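> There's a structure below that I have some questions on.
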Amino acid sequence: MTGGGDRPGRFENPGIEERCALLKRVKTIAVVGLSPNPSRPSYGVSRAMQGFGYTIIPVHPAAREILGARAYPRLSDIPLRVDLVDVFRRPEHLDGIVDECLGLGLKSLWIQEGILNERAALRAVKGGIMVVMDRCIYRDYLQYCS
């Protein structure tokens, strides 16, 4: 699964089958760092995931609505059940996001391509969260799961 294998203390992503099972299981994705700017990757990826039938919940401290959905300042402000947290924030923000996920009892965390914080990912895994890191959710969905 994640966070181990034959290299103790090193983060490893779940395999393709596990990632696809996750994407088939989830319905509601909270996107931390979802920008209201259509030219940003978070916007395009989230819009595409909406098109695949996922409910997208924007998490952005300054926005009221993104992609036709109400935005929330923090994960803890979301009144709905969240199946997966997808992160578009710099690596230094991941520790706080992991803290929030652990505190809320969330079970799945996807950290977008180009964002690496092994310490935070390992802490999440140790806390019972399935973590995918440094992979594009949209690309994985298209390439392996659709």
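We label chains A, B, ... in the order they appear in the structure tokens, count residues from 1 in each chain, and number ligands from 1 in the order shown.
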Where does DSSP see strand (DSSP E or B) in chain A, if you list the residues as an MDAnalysis selection string?
chainID A and resid 28:32 55:59 65:66 69:70 72 84:87 108:111 130:133
> Give me the residues near A:Ile56 as a PyMOL selection string, where near means some atom within 7 Å (using only C-alpha atoms) and where sequence neighbours in that chain fewer than 3 positions away do not count.
chain A and resi 28-31+46+50
> Could you produce a table of the residues of stretch 18-37 of chain A lying within 9 Å of stretch 66-69 of chain A, with the nearest pair of atoms per residue and their separation in Å rounded to one decimal, using only C-alpha atoms, ordered by chain and increasing residue number, as CSV?

residue,atom,partner,partner_atom,distance
A:Leu34,CA,A:Ile66,CA,7.8
A:Ser35,CA,A:Ile66,CA,7.5
A:Pro36,CA,A:Ile66,CA,5.4
A:Asn37,CA,A:Ile66,CA,8.9
> Residues within 12 Å of A:Ala48, please, as a list of chain:residue names. Count only C-alpha atoms; anything in the same chain fewer than 5 positions from it doesn't count.
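Contacts, with the query itself left out: A:Pro38, A:Pro41, A:Ser42, A:Tyr43, A:Gly53, A:Tyr54, A:Thr55, A:Ile56, A:Leu67, A:Cys136, A:Ile137, A:Tyr138, A:Arg139, A:Tyr141, A:Leu142.
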> I want to know what sits within 9 Å of stretch 117-128 of chain A, based on only C-alpha atoms, with residues of the same chain fewer than 4 positions away left out; could you give that as a list in words?
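Counting only the stated atoms, we get Thr2, Gly3, Gly4, Gly9, Arg10, Phe11, Pro91, Glu92, Leu94, Asp95, Gly96, Ile97, Val98, Asp99, Cys101, Leu102, Gly105, Leu106, Lys107, Ser108, Leu109, Ile111, Val132 and Met133 of chain A.
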> Where in chain A does DSSP assign helix (DSSP H, G or I), given as a VMD selection string?
chain A and resid 16 to 25 41 to 51 75 to 77 91 to 104 118 to 126 137 to 145
> For A:Arg90, which of A:Val45, A:Gly114, A:Arg74, A:Gly103 is the closest residue, counting only C-alpha atoms?
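Going through A:Val45, A:Gly114, A:Arg74, A:Gly103 one by one, the smallest distance to A:Arg90 is for A:Gly114.
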> Hey, which of A:Arg47, A:Arg89, A:Arg81, A:Arg40 ends up closest to A:His60? Count only C-alpha atoms.
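Nearest candidate to A:His60 out of A:Arg47, A:Arg89, A:Arg81, A:Arg40: A:Arg89.
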> Counting only C-alpha atoms, which residue out of A:Lys24, A:Pro61, A:Val85, A:Ile16 sits closest to A:Leu104?
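Comparing A:Lys24, A:Pro61, A:Val85, A:Ile16 against A:Leu104, the winner is A:Val85.
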